[in-house]
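Structure file protein-v4.cif (mmCIF, C-alpha atoms and all ligand atoms) follows.
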data_data
#
loop_
_atom_site.group_PDB
_atom_site.id
_atom_site.type_symbol
_atom_site.label_atom_id
_atom_site.label_comp_id
_atom_site.auth_asym_id
_atom_site.auth_seq_id
_atom_site.Cartn_x
_atom_site.Cartn_y
_atom_site.Cartn_z
ATOM 1 C CA MET A 1 -24.125 -5.718 -7.496
ATOM 2 C CA ALA A 2 -26.214 -4.660 -4.518
ATOM 3 C CA SER A 3 -25.696 -0.929 -4.965
ATOM 4 C CA GLY A 4 -29.049 0.122 -6.384
ATOM 5 C CA LEU A 5 -27.182 2.152 -9.018
ATOM 6 C CA THR A 6 -28.141 1.858 -12.659
ATOM 7 C CA HIS A 7 -25.529 0.396 -15.024
ATOM 8 C CA GLU A 8 -24.858 3.917 -16.360
ATOM 9 C CA GLN A 9 -24.396 5.359 -12.858
ATOM 10 C CA ALA A 10 -21.995 2.550 -11.923
ATOM 11 C CA GLU A 11 -19.950 3.005 -15.135
ATOM 12 C CA ALA A 12 -19.796 6.772 -14.556
ATOM 13 C CA LEU A 13 -17.932 6.080 -11.300
ATOM 14 C CA VAL A 14 -14.790 5.185 -13.290
ATOM 15 C CA GLN A 15 -15.176 7.285 -16.453
ATOM 16 C CA SER A 16 -13.651 10.725 -16.307
ATOM 17 C CA HIS A 17 -11.448 12.963 -18.443
ATOM 18 C CA ASP A 18 -9.890 14.267 -15.221
ATOM 19 C CA PRO A 19 -6.405 12.717 -14.867
ATOM 20 C CA GLU A 20 -6.786 13.153 -11.081
ATOM 21 C CA HIS A 21 -9.852 10.878 -10.957
ATOM 22 C CA PRO A 22 -8.934 7.821 -8.825
ATOM 23 C CA ALA A 23 -9.730 5.339 -11.627
ATOM 24 C CA ASN A 24 -7.305 7.171 -13.952
ATOM 25 C CA LEU A 25 -4.711 7.689 -11.213
ATOM 26 C CA ILE A 26 -4.577 4.000 -10.223
ATOM 27 C CA CYS A 27 -3.788 3.039 -13.828
ATOM 28 C CA ASP A 28 -1.125 5.778 -14.203
ATOM 29 C CA LEU A 29 0.499 5.114 -10.840
ATOM 30 C CA CYS A 30 0.640 1.348 -11.419
ATOM 31 C CA ARG A 31 2.533 2.019 -14.662
ATOM 32 C CA ASP A 32 5.025 4.173 -12.731
ATOM 33 C CA PHE A 33 5.310 1.626 -9.913
ATOM 34 C CA TYR A 34 5.934 -1.153 -12.453
ATOM 35 C CA LYS A 35 8.961 0.750 -13.751
ATOM 36 C CA LEU A 36 10.317 0.916 -10.175
ATOM 37 C CA GLY A 37 9.944 -2.878 -9.816
ATOM 38 C CA TRP A 38 7.233 -2.408 -7.198
ATOM 39 C CA VAL A 39 4.305 -4.169 -8.944
ATOM 40 C CA THR A 40 5.865 -6.617 -11.400
ATOM 41 C CA GLY A 41 4.419 -10.077 -12.007
ATOM 42 C CA THR A 42 0.877 -8.875 -11.140
ATOM 43 C CA GLY A 43 1.518 -8.397 -7.394
ATOM 44 C CA GLY A 44 1.269 -5.146 -5.448
ATOM 45 C CA GLY A 45 -0.771 -2.067 -6.311
ATOM 46 C CA ILE A 46 -2.574 0.934 -4.890
ATOM 47 C CA SER A 47 -6.067 1.647 -3.600
ATOM 48 C CA ILE A 48 -7.491 5.163 -3.284
ATOM 49 C CA ARG A 49 -10.345 6.289 -1.018
ATOM 50 C CA LYS A 50 -12.121 9.411 -2.160
ATOM 51 C CA GLY A 51 -15.010 10.547 -0.010
ATOM 52 C CA GLU A 52 -17.218 7.534 0.543
ATOM 53 C CA HIS A 53 -15.830 5.497 -2.375
ATOM 54 C CA VAL A 54 -12.873 3.100 -2.432
ATOM 55 C CA TYR A 55 -11.248 2.368 -5.813
ATOM 56 C CA LEU A 56 -9.410 -0.935 -6.314
ATOM 57 C CA ALA A 57 -7.482 -2.644 -9.105
ATOM 58 C CA PRO A 58 -8.329 -6.202 -10.148
ATOM 59 C CA SER A 59 -6.376 -9.131 -8.715
ATOM 60 C CA GLY A 60 -3.752 -11.176 -10.540
ATOM 61 C CA VAL A 61 -3.580 -9.039 -13.673
ATOM 62 C CA GLN A 62 -0.645 -7.123 -15.146
ATOM 63 C CA LYS A 63 -0.965 -3.987 -13.045
ATOM 64 C CA GLU A 64 0.875 -1.807 -15.583
ATOM 65 C CA ARG A 65 -1.798 -2.557 -18.210
ATOM 66 C CA ILE A 66 -5.036 -1.978 -16.297
ATOM 67 C CA LYS A 67 -7.588 0.483 -17.654
ATOM 68 C CA PRO A 68 -10.157 2.615 -15.782
ATOM 69 C CA GLU A 69 -12.955 0.270 -16.889
ATOM 70 C CA HIS A 70 -11.240 -2.558 -14.935
ATOM 71 C CA ILE A 71 -11.472 -0.674 -11.617
ATOM 72 C CA PHE A 72 -13.740 -1.911 -8.792
ATOM 73 C CA VAL A 73 -15.596 0.598 -6.609
ATOM 74 C CA LEU A 74 -16.769 -0.204 -3.078
ATOM 75 C CA PRO A 75 -18.554 2.095 -0.634
ATOM 76 C CA PHE A 76 -16.211 2.889 2.259
ATOM 77 C CA ALA A 77 -19.017 2.203 4.755
ATOM 78 C CA GLN A 78 -19.146 -1.607 4.951
ATOM 79 C CA SER A 79 -20.871 -3.577 7.671
ATOM 80 C CA SER A 80 -17.730 -5.750 7.993
ATOM 81 C CA LEU A 81 -14.191 -5.960 6.655
ATOM 82 C CA PRO A 82 -14.454 -6.656 2.896
ATOM 83 C CA LYS A 83 -12.534 -9.963 2.821
ATOM 84 C CA PRO A 84 -12.394 -11.715 -0.569
ATOM 85 C CA GLY A 85 -15.184 -14.276 -0.753
ATOM 86 C CA SER A 86 -17.260 -12.573 1.944
ATOM 87 C CA GLN A 87 -20.503 -10.681 1.329
ATOM 88 C CA ARG A 88 -19.901 -7.048 0.511
ATOM 89 C CA ASP A 89 -21.557 -4.188 -1.297
ATOM 90 C CA PHE A 90 -19.988 -3.238 -4.577
ATOM 91 C CA LEU A 91 -20.931 -0.033 -6.296
ATOM 92 C CA ARG A 92 -19.241 -1.235 -9.432
ATOM 93 C CA ILE A 93 -17.876 -4.600 -10.620
ATOM 94 C CA PRO A 94 -16.103 -4.486 -14.009
ATOM 95 C CA SER A 95 -18.103 -6.304 -16.657
ATOM 96 C CA LYS A 96 -14.971 -8.097 -17.993
ATOM 97 C CA GLU A 97 -15.454 -11.805 -17.228
ATOM 98 C CA GLY A 98 -13.554 -13.300 -14.334
ATOM 99 C CA LEU A 99 -12.114 -10.162 -12.740
ATOM 100 C CA LYS A 100 -11.902 -10.158 -8.932
ATOM 101 C CA GLU A 101 -10.980 -7.238 -6.719
ATOM 102 C CA SER A 102 -7.390 -7.133 -5.366
ATOM 103 C CA ALA A 103 -6.578 -9.755 -2.715
ATOM 104 C CA CYS A 104 -5.065 -6.809 -0.793
ATOM 105 C CA THR A 105 -8.529 -5.261 -0.268
ATOM 106 C CA PRO A 106 -8.796 -6.072 3.490
ATOM 107 C CA LEU A 107 -5.210 -4.864 4.026
ATOM 108 C CA PHE A 108 -5.919 -1.575 2.281
ATOM 109 C CA TRP A 109 -9.025 -1.394 4.491
ATOM 110 C CA ASN A 110 -6.835 -1.609 7.603
ATOM 111 C CA ALA A 111 -5.120 1.627 6.491
ATOM 112 C CA PHE A 112 -8.439 3.327 5.661
ATOM 113 C CA THR A 113 -10.208 2.392 8.909
ATOM 114 C CA MET A 114 -7.332 2.382 11.424
ATOM 115 C CA ARG A 115 -5.449 5.461 10.121
ATOM 116 C CA ASN A 116 -8.175 7.231 8.142
ATOM 117 C CA ALA A 117 -5.795 6.995 5.166
ATOM 118 C CA GLY A 118 -6.782 8.286 1.742
ATOM 119 C CA ALA A 119 -4.546 5.836 -0.125
ATOM 120 C CA CYS A 120 -2.549 2.683 0.510
ATOM 121 C CA ILE A 121 0.272 1.271 -1.642
ATOM 122 C CA HIS A 122 1.514 -2.322 -1.614
ATOM 123 C CA THR A 123 4.924 -2.983 -3.196
ATOM 124 C CA HIS A 124 6.997 -6.087 -3.800
ATOM 125 C CA SER A 125 10.146 -3.953 -3.900
ATOM 126 C CA GLN A 126 13.277 -6.058 -3.577
ATOM 127 C CA HIS A 127 14.686 -3.413 -1.215
ATOM 128 C CA ALA A 128 11.875 -4.142 1.254
ATOM 129 C CA VAL A 129 12.168 -7.914 0.833
ATOM 130 C CA MET A 130 15.968 -7.959 1.096
ATOM 131 C CA LEU A 131 15.831 -5.850 4.244
ATOM 132 C CA THR A 132 13.507 -8.364 5.933
ATOM 133 C CA LEU A 133 15.988 -11.115 5.010
ATOM 134 C CA LEU A 134 19.063 -9.300 6.328
ATOM 135 C CA LEU A 135 17.555 -8.329 9.699
ATOM 136 C CA PRO A 136 17.662 -10.991 12.441
ATOM 137 C CA ARG A 137 14.798 -13.481 12.100
ATOM 138 C CA GLU A 138 13.468 -12.550 15.563
ATOM 139 C CA ALA A 139 13.317 -8.790 14.775
ATOM 140 C CA ASP A 140 9.733 -7.567 14.821
ATOM 141 C CA SER A 141 10.694 -4.137 13.457
ATOM 142 C CA PHE A 142 13.222 -2.236 11.350
ATOM 143 C CA LYS A 143 14.783 0.878 12.939
ATOM 144 C CA ILE A 144 16.912 3.574 11.339
ATOM 145 C CA SER A 145 18.065 7.063 12.351
ATOM 146 C CA HIS A 146 20.218 9.948 11.099
ATOM 147 C CA GLN A 147 19.064 9.799 7.495
ATOM 148 C CA GLU A 148 17.708 12.891 5.681
ATOM 149 C CA MET A 149 14.937 10.902 3.956
ATOM 150 C CA ILE A 150 13.381 10.108 7.353
ATOM 151 C CA LYS A 151 12.030 13.685 7.153
ATOM 152 C CA GLY A 152 9.738 12.630 4.275
ATOM 153 C CA VAL A 153 7.884 10.156 6.498
ATOM 154 C CA ARG A 154 4.883 11.017 8.723
ATOM 155 C CA LEU A 155 4.051 9.777 12.219
ATOM 156 C CA GLY A 156 1.610 6.904 11.745
ATOM 157 C CA GLY A 157 1.749 7.713 8.027
ATOM 158 C CA VAL A 158 -0.786 10.512 8.468
ATOM 159 C CA GLY A 159 0.566 12.838 11.190
ATOM 160 C CA LYS A 160 3.472 15.276 11.425
ATOM 161 C CA THR A 161 6.646 14.577 9.471
ATOM 162 C CA LEU A 162 9.536 13.013 11.379
ATOM 163 C CA ARG A 163 12.688 15.059 12.071
ATOM 164 C CA PHE A 164 16.286 14.222 11.243
ATOM 165 C CA PHE A 165 17.013 13.173 14.834
ATOM 166 C CA ASP A 166 13.942 10.929 15.127
ATOM 167 C CA THR A 167 14.280 7.170 14.833
ATOM 168 C CA LEU A 168 11.976 5.611 12.256
ATOM 169 C CA GLU A 169 10.519 2.229 13.214
ATOM 170 C CA VAL A 170 8.602 -0.019 10.803
ATOM 171 C CA PRO A 171 7.109 -3.294 12.105
ATOM 172 C CA ILE A 172 7.794 -6.575 10.317
ATOM 173 C CA ILE A 173 5.158 -9.304 10.171
ATOM 174 C CA GLU A 174 5.496 -12.861 8.891
ATOM 175 C CA ASN A 175 4.166 -13.716 5.451
ATOM 176 C CA THR A 176 1.180 -16.044 5.002
ATOM 177 C CA ALA A 177 0.174 -18.422 2.227
ATOM 178 C CA ASP A 178 -2.570 -16.073 1.024
ATOM 179 C CA GLU A 179 -2.463 -12.255 0.935
ATOM 180 C CA GLU A 180 -5.764 -11.766 2.760
ATOM 181 C CA ASP A 181 -4.498 -13.862 5.703
ATOM 182 C CA LEU A 182 -2.083 -11.002 6.453
ATOM 183 C CA THR A 183 -5.023 -8.818 7.509
ATOM 184 C CA GLU A 184 -5.054 -9.604 11.242
ATOM 185 C CA GLY A 185 -1.261 -9.557 11.578
ATOM 186 C CA MET A 186 -1.137 -6.164 9.892
ATOM 187 C CA ALA A 187 -3.889 -4.790 12.161
ATOM 188 C CA ALA A 188 -2.122 -6.133 15.284
ATOM 189 C CA ALA A 189 1.173 -4.522 14.195
ATOM 190 C CA MET A 190 -0.609 -1.212 13.525
ATOM 191 C CA GLU A 191 -2.052 -1.315 17.049
ATOM 192 C CA LYS A 192 1.302 -2.177 18.632
ATOM 193 C CA PHE A 193 3.204 0.480 16.605
ATOM 194 C CA PRO A 194 0.801 3.455 16.297
ATOM 195 C CA ASP A 195 3.574 5.747 14.967
ATOM 196 C CA ALA A 196 4.623 3.395 12.172
ATOM 197 C CA PRO A 197 3.991 4.690 8.631
ATOM 198 C CA ALA A 198 4.106 1.228 7.014
ATOM 199 C CA ILE A 199 4.163 -2.516 7.622
ATOM 200 C CA LEU A 200 6.913 -4.716 6.203
ATOM 201 C CA VAL A 201 5.988 -8.311 5.349
ATOM 202 C CA ARG A 202 8.927 -10.706 5.580
ATOM 203 C CA ARG A 203 9.879 -12.268 2.214
ATOM 204 C CA HIS A 204 6.999 -10.390 0.532
ATOM 205 C CA GLY A 205 7.026 -6.555 0.500
ATOM 206 C CA VAL A 206 5.510 -3.561 2.264
ATOM 207 C CA TYR A 207 2.210 -1.725 2.833
ATOM 208 C CA VAL A 208 2.507 2.099 3.025
ATOM 209 C CA TRP A 209 -0.338 4.576 3.456
ATOM 210 C CA GLY A 210 -0.933 8.314 3.620
ATOM 211 C CA ASN A 211 -3.575 10.989 3.949
ATOM 212 C CA THR A 212 -3.682 11.332 0.164
ATOM 213 C CA TRP A 213 -2.296 9.383 -2.793
ATOM 214 C CA GLU A 214 0.428 12.014 -3.138
ATOM 215 C CA GLN A 215 1.544 11.556 0.473
ATOM 216 C CA ALA A 216 1.320 7.758 0.241
ATOM 217 C CA LYS A 217 3.507 7.874 -2.901
ATOM 218 C CA THR A 218 6.170 10.190 -1.485
ATOM 219 C CA GLN A 219 6.304 8.171 1.729
ATOM 220 C CA ALA A 220 6.611 4.931 -0.245
ATOM 221 C CA GLU A 221 9.516 6.547 -2.154
ATOM 222 C CA CYS A 222 11.263 7.762 1.024
ATOM 223 C CA LEU A 223 10.781 4.389 2.698
ATOM 224 C CA ASP A 224 12.023 2.483 -0.329
ATOM 225 C CA TYR A 225 15.138 4.697 -0.342
ATOM 226 C CA LEU A 226 15.648 3.984 3.376
ATOM 227 C CA PHE A 227 15.128 0.226 2.861
ATOM 228 C CA GLU A 228 17.697 0.268 0.046
ATOM 229 C CA ILE A 229 20.319 2.218 1.984
ATOM 230 C CA ALA A 230 19.699 0.033 5.056
ATOM 231 C CA VAL A 231 20.409 -3.070 2.978
ATOM 232 C CA LYS A 232 23.674 -1.520 1.803
ATOM 233 C CA MET A 233 24.572 -0.433 5.354
ATOM 234 C CA LEU A 234 23.884 -3.915 6.726
ATOM 235 C CA LEU A 235 26.038 -5.479 4.004
ATOM 236 C CA ALA A 236 28.779 -2.951 4.872
ATOM 237 C CA LYS A 237 28.305 -3.846 8.571
ATOM 238 C CA LEU A 238 27.376 -0.231 9.458
ATOM 239 C CA PRO A 239 24.933 0.407 12.349
ATOM 240 C CA LEU A 240 21.446 1.558 11.253
ATOM 241 C CA VAL A 241 20.830 3.645 14.390
ATOM 242 C CA GLY A 242 23.189 6.384 15.566
ATOM 243 C CA ASP A 243 25.598 8.656 13.692
ATOM 244 C CA ASN A 244 28.947 7.004 14.214
HETATM 245 C C1 LIG B 1 2.852 -12.787 -7.741
HETATM 246 S S1 LIG B 1 1.715 -11.877 -6.835
HETATM 247 C C2 LIG B 1 1.219 -12.858 -5.434
HETATM 248 C C3 LIG B 1 0.087 -12.268 -4.631
HETATM 249 C C4 LIG B 1 0.456 -10.953 -4.016
HETATM 250 O O1 LIG B 1 1.415 -10.856 -3.252
HETATM 251 C C5 LIG B 1 -0.282 -9.753 -4.320
HETATM 252 O O2 LIG B 1 0.094 -8.652 -3.900
HETATM 253 C C6 LIG B 1 -1.527 -9.899 -5.128
HETATM 254 O O3 LIG B 1 -2.186 -8.701 -5.307
HETATM 255 P P1 LIG B 1 -3.470 -8.631 -6.266
HETATM 256 O O4 LIG B 1 -3.827 -7.179 -6.232
HETATM 257 O O5 LIG B 1 -3.019 -9.052 -7.646
HETATM 258 O O6 LIG B 1 -4.541 -9.523 -5.736
HETATM 259 ZN ZN ZN B 2 1.694 -8.860 -2.320
#
Here is a file; write its structure as structure tokens.
Ligand SMILES: CSCCC(=O)C(=O)COP(=O)(O)O
Ligand SMILES: [Zn+2]
Amino acid sequence: MASGLTHEQAEALVQSHDPEHPANLICDLCRDFYKLGWVTGTGGGISIRKGEHVYLAPSGVQKERIKPEHIFVLPFAQSSLPKPGSQRDFLRIPSKEGLKESACTPLFWNAFTMRNAGACIHTHSQHAVMLTLLLPREADSFKISHQEMIKGVRLGGVGKTLRFFDTLEVPIIENTADEEDLTEGMAAAMEKFPDAPAILVRRHGVYVWGNTWEQAKTQAECLDYLFEIAVKMLLAKLPLVGDN
């Protein structure tokens, strides 16, 4: 740990009786997300940025069972993207042997640096995955209009909420063998689609962000609803865009 903090200072970063502390929230939210089928089988999760600190769950563990003492803390100001295996400054590494920070770290970082997000959620929801399978292989985005739940989604994930008559567009990128190799594809899609509130990953899931964890969560819920209804509409051969 290159933080210069004492052991006690580093531990204090994740110990709080406040249920709203990011280390407590990540554990609570992962339990809720598990029940929705979003983070089963260890994959998926949420990262929260509060001030200059980024809080991350460990990789490859049962996300519904993590405890605050398992949470990693990184300073938001990093000299380069914190890719797994690269040199980075931790403020806190859990003392439990063998824990590594989430493989999604550089993808969460895309949301923090490119959209100034306060939280980013990654789900393996079957609604998201099924949608990417039902859309034509060459489609580089999912579009839907005339759905009430569109109004729960913000421009670029962090701006004004969309209106009923707006068309929501979410880019789709191809999956890669390793999670961290999605980083550049996600960044390119975020540049090409500045109004998109999320990135779908074909045959894998979705990344959704927001100004705060509350906004990221409600947007993830609205989007998951829209992915689910879009799957049903496609199976019923109904058009996704338009009101006829
Ligand atoms: C069965 S999970 C495969 C890896 C993955 O998709 C993922 O989201 C891993 O996230 P983690 O936070 O566990 O590194
Ligand atoms: Zn994943």
Please report as a tab-separated table every residue of chain A lying within 9 Å of ligand LIG 1 (chain B), along with the nearest atom pair and their distance in Å (one decimal), using all atoms listed in the file.
residue	atom	partner	partner_atom	distance
A:Val39	CA	B:LIG1	O2	8.0
A:Thr40	CA	B:LIG1	C1	7.8
A:Gly41	CA	B:LIG1	C1	5.3
A:Thr42	CA	B:LIG1	O5	5.2
A:Gly43	CA	B:LIG1	S1	3.5
A:Gly44	CA	B:LIG1	O2	4.0
A:Gly45	CA	B:LIG1	O4	6.0
A:Ile46	CA	B:LIG1	O4	8.3
A:Leu56	CA	B:LIG1	O4	8.4
A:Ala57	CA	B:LIG1	O4	6.5
A:Pro58	CA	B:LIG1	O4	6.0
A:Ser59	CA	B:LIG1	O6	3.5
A:Gly60	CA	B:LIG1	O5	3.7
A:Val61	CA	B:LIG1	O5	6.1
A:Gln62	CA	B:LIG1	O5	8.1
A:Lys63	CA	B:LIG1	O5	7.7
A:Lys100	CA	B:LIG1	O6	8.0
A:Glu101	CA	B:LIG1	O6	6.9
A:Ser102	CA	B:LIG1	O4	3.7
A:Ala103	CA	B:LIG1	O6	3.7
A:Cys104	CA	B:LIG1	O4	5.6
A:Thr105	CA	B:LIG1	O4	7.8
A:His122	CA	B:LIG1	O2	6.9
A:Thr123	CA	B:LIG1	O2	7.5
A:His124	CA	B:LIG1	O1	7.4
A:Asp178	CA	B:LIG1	C3	7.3
A:Glu179	CA	B:LIG1	O1	5.9
A:Glu180	CA	B:LIG1	O6	8.9
A:His204	CA	B:LIG1	O1	6.8
A:Gly205	CA	B:LIG1	O1	8.0
For the PyMOL selection byres (((chain A and resi 69) around 7) and not hetatm), applied here, can you spell out every residue it catches as JSON, numbers by chain? {"A": [14, 67, 68, 70, 71, 94]}
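What the PyMOL selection byres (((chain A and resi 128-141) around 7) and not hetatm) grabs from this file is Ser125, Gln126, His127, Phe142, Lys143, Glu169, Val170, Pro171, Ile172, Ile173, Arg202, Arg203, His204, Gly205, Val206, Asp224, Phe227 and Val231 of chain A.
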Please save C-alpha atoms of the selected residues as a tab-separated table (two decimals), in the frame of the given file.
chain	number	residue	atom	x	y	z
A	125	SER	CA	10.15	-3.95	-3.90
A	126	GLN	CA	13.28	-6.06	-3.58
A	127	HIS	CA	14.69	-3.41	-1.22
A	142	PHE	CA	13.22	-2.24	11.35
A	143	LYS	CA	14.78	0.88	12.94
A	169	GLU	CA	10.52	2.23	13.21
A	170	VAL	CA	8.60	-0.02	10.80
A	171	PRO	CA	7.11	-3.29	12.10
A	172	ILE	CA	7.79	-6.58	10.32
A	173	ILE	CA	5.16	-9.30	10.17
A	202	ARG	CA	8.93	-10.71	5.58
A	203	ARG	CA	9.88	-12.27	2.21
A	204	HIS	CA	7.00	-10.39	0.53
A	205	GLY	CA	7.03	-6.56	0.50
A	206	VAL	CA	5.51	-3.56	2.26
A	224	ASP	CA	12.02	2.48	-0.33
A	227	PHE	CA	15.13	0.23	2.86
A	231	VAL	CA	20.41	-3.07	2.98
Provide the CA of Glu174 in chain A to CA of Lys192 in chain A distance in Å, to one decimal place. 15.1 Å
Return as a VMD selection string the set of residues that the PyMOL selection byres (((chain A and resi 111-121) around 7) and not hetatm) yields on the displayed structure. chain A and resid 45 to 50 107 to 110 122 to 123 158 207 to 213 216
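The spacing separating CA of Ser145 in chain A from CA of Gly185 in chain A amounts to 25.5 Å.
Checking A:Val201, A:Ala189, A:Leu155, A:Val241 one by one against ligand ZN 2 (chain B), counting only C-alpha atoms and all ligand atoms, you find the shortest gap at A:Val201.
Taking only C-alpha atoms and all ligand atoms into account, ligand ZN 2 (chain B) lies nearest to A:Thr176 out of the set A:Glu214, A:Ile229, A:Thr176, A:Pro239.
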Please, could N, CA, C and O atoms be added to range 103-122 of chain A and the result written as a short mmCIF file (atom, residue, chain, number, x, y, z; two decimals), in the frame of the given file?
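Written output follows (out.cif):
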data_model
loop_
_atom_site.label_atom_id
_atom_site.label_comp_id
_atom_site.auth_asym_id
_atom_site.auth_seq_id
_atom_site.Cartn_x
_atom_site.Cartn_y
_atom_site.Cartn_z
N ALA A 103 -6.63 -8.96 -3.95
CA ALA A 103 -6.58 -9.76 -2.72
C ALA A 103 -6.10 -8.90 -1.54
O ALA A 103 -6.23 -9.29 -0.39
N CYS A 104 -5.55 -7.73 -1.84
CA CYS A 104 -5.07 -6.81 -0.79
C CYS A 104 -6.20 -5.97 -0.21
O CYS A 104 -5.94 -5.17 0.71
N THR A 105 -7.42 -6.14 -0.70
CA THR A 105 -8.53 -5.26 -0.27
C THR A 105 -8.63 -5.13 1.26
O THR A 105 -8.68 -4.01 1.78
N PRO A 106 -8.65 -6.24 2.04
CA PRO A 106 -8.80 -6.07 3.49
C PRO A 106 -7.58 -5.41 4.14
O PRO A 106 -7.70 -4.79 5.20
N LEU A 107 -6.41 -5.52 3.48
CA LEU A 107 -5.21 -4.86 4.03
C LEU A 107 -5.27 -3.36 3.75
O LEU A 107 -4.94 -2.54 4.62
N PHE A 108 -5.72 -3.00 2.56
CA PHE A 108 -5.92 -1.58 2.28
C PHE A 108 -6.95 -1.01 3.27
O PHE A 108 -6.81 0.11 3.76
N TRP A 109 -7.96 -1.83 3.57
CA TRP A 109 -9.02 -1.39 4.49
C TRP A 109 -8.47 -1.10 5.87
O TRP A 109 -8.93 -0.20 6.56
N ASN A 110 -7.48 -1.89 6.30
CA ASN A 110 -6.84 -1.61 7.60
C ASN A 110 -6.33 -0.16 7.62
O ASN A 110 -6.50 0.55 8.62
N ALA A 111 -5.68 0.26 6.54
CA ALA A 111 -5.12 1.63 6.49
C ALA A 111 -6.25 2.66 6.47
O ALA A 111 -6.16 3.71 7.11
N PHE A 112 -7.34 2.36 5.75
CA PHE A 112 -8.44 3.33 5.66
C PHE A 112 -9.17 3.47 7.01
O PHE A 112 -9.50 4.58 7.42
N THR A 113 -9.40 2.34 7.68
CA THR A 113 -10.21 2.39 8.91
C THR A 113 -9.36 2.72 10.14
O THR A 113 -9.80 3.45 11.02
N MET A 114 -8.13 2.20 10.20
CA MET A 114 -7.33 2.38 11.42
C MET A 114 -6.53 3.67 11.41
O MET A 114 -6.14 4.18 12.46
N ARG A 115 -6.25 4.22 10.21
CA ARG A 115 -5.45 5.46 10.12
C ARG A 115 -6.19 6.55 9.34
O ARG A 115 -5.61 7.61 9.10
N ASN A 116 -7.41 6.26 8.93
CA ASN A 116 -8.18 7.23 8.14
C ASN A 116 -7.39 7.63 6.89
O ASN A 116 -7.46 8.79 6.43
N ALA A 117 -6.63 6.69 6.34
CA ALA A 117 -5.80 7.00 5.17
C ALA A 117 -6.67 7.25 3.94
O ALA A 117 -7.79 6.74 3.83
N GLY A 118 -6.08 8.02 3.01
CA GLY A 118 -6.78 8.29 1.74
C GLY A 118 -6.26 7.40 0.62
O GLY A 118 -6.86 7.33 -0.45
N ALA A 119 -5.11 6.75 0.88
CA ALA A 119 -4.55 5.84 -0.12
C ALA A 119 -3.60 4.87 0.56
O ALA A 119 -3.02 5.19 1.60
N CYS A 120 -3.48 3.69 -0.03
CA CYS A 120 -2.55 2.68 0.51
C CYS A 120 -1.87 1.99 -0.67
O CYS A 120 -2.54 1.61 -1.64
N ILE A 121 -0.54 1.87 -0.57
CA ILE A 121 0.27 1.27 -1.64
C ILE A 121 0.87 -0.03 -1.12
O ILE A 121 1.36 -0.08 0.02
N HIS A 122 0.84 -1.07 -1.96
CA HIS A 122 1.51 -2.32 -1.61
C HIS A 122 2.59 -2.56 -2.66
O HIS A 122 2.28 -2.58 -3.85
#
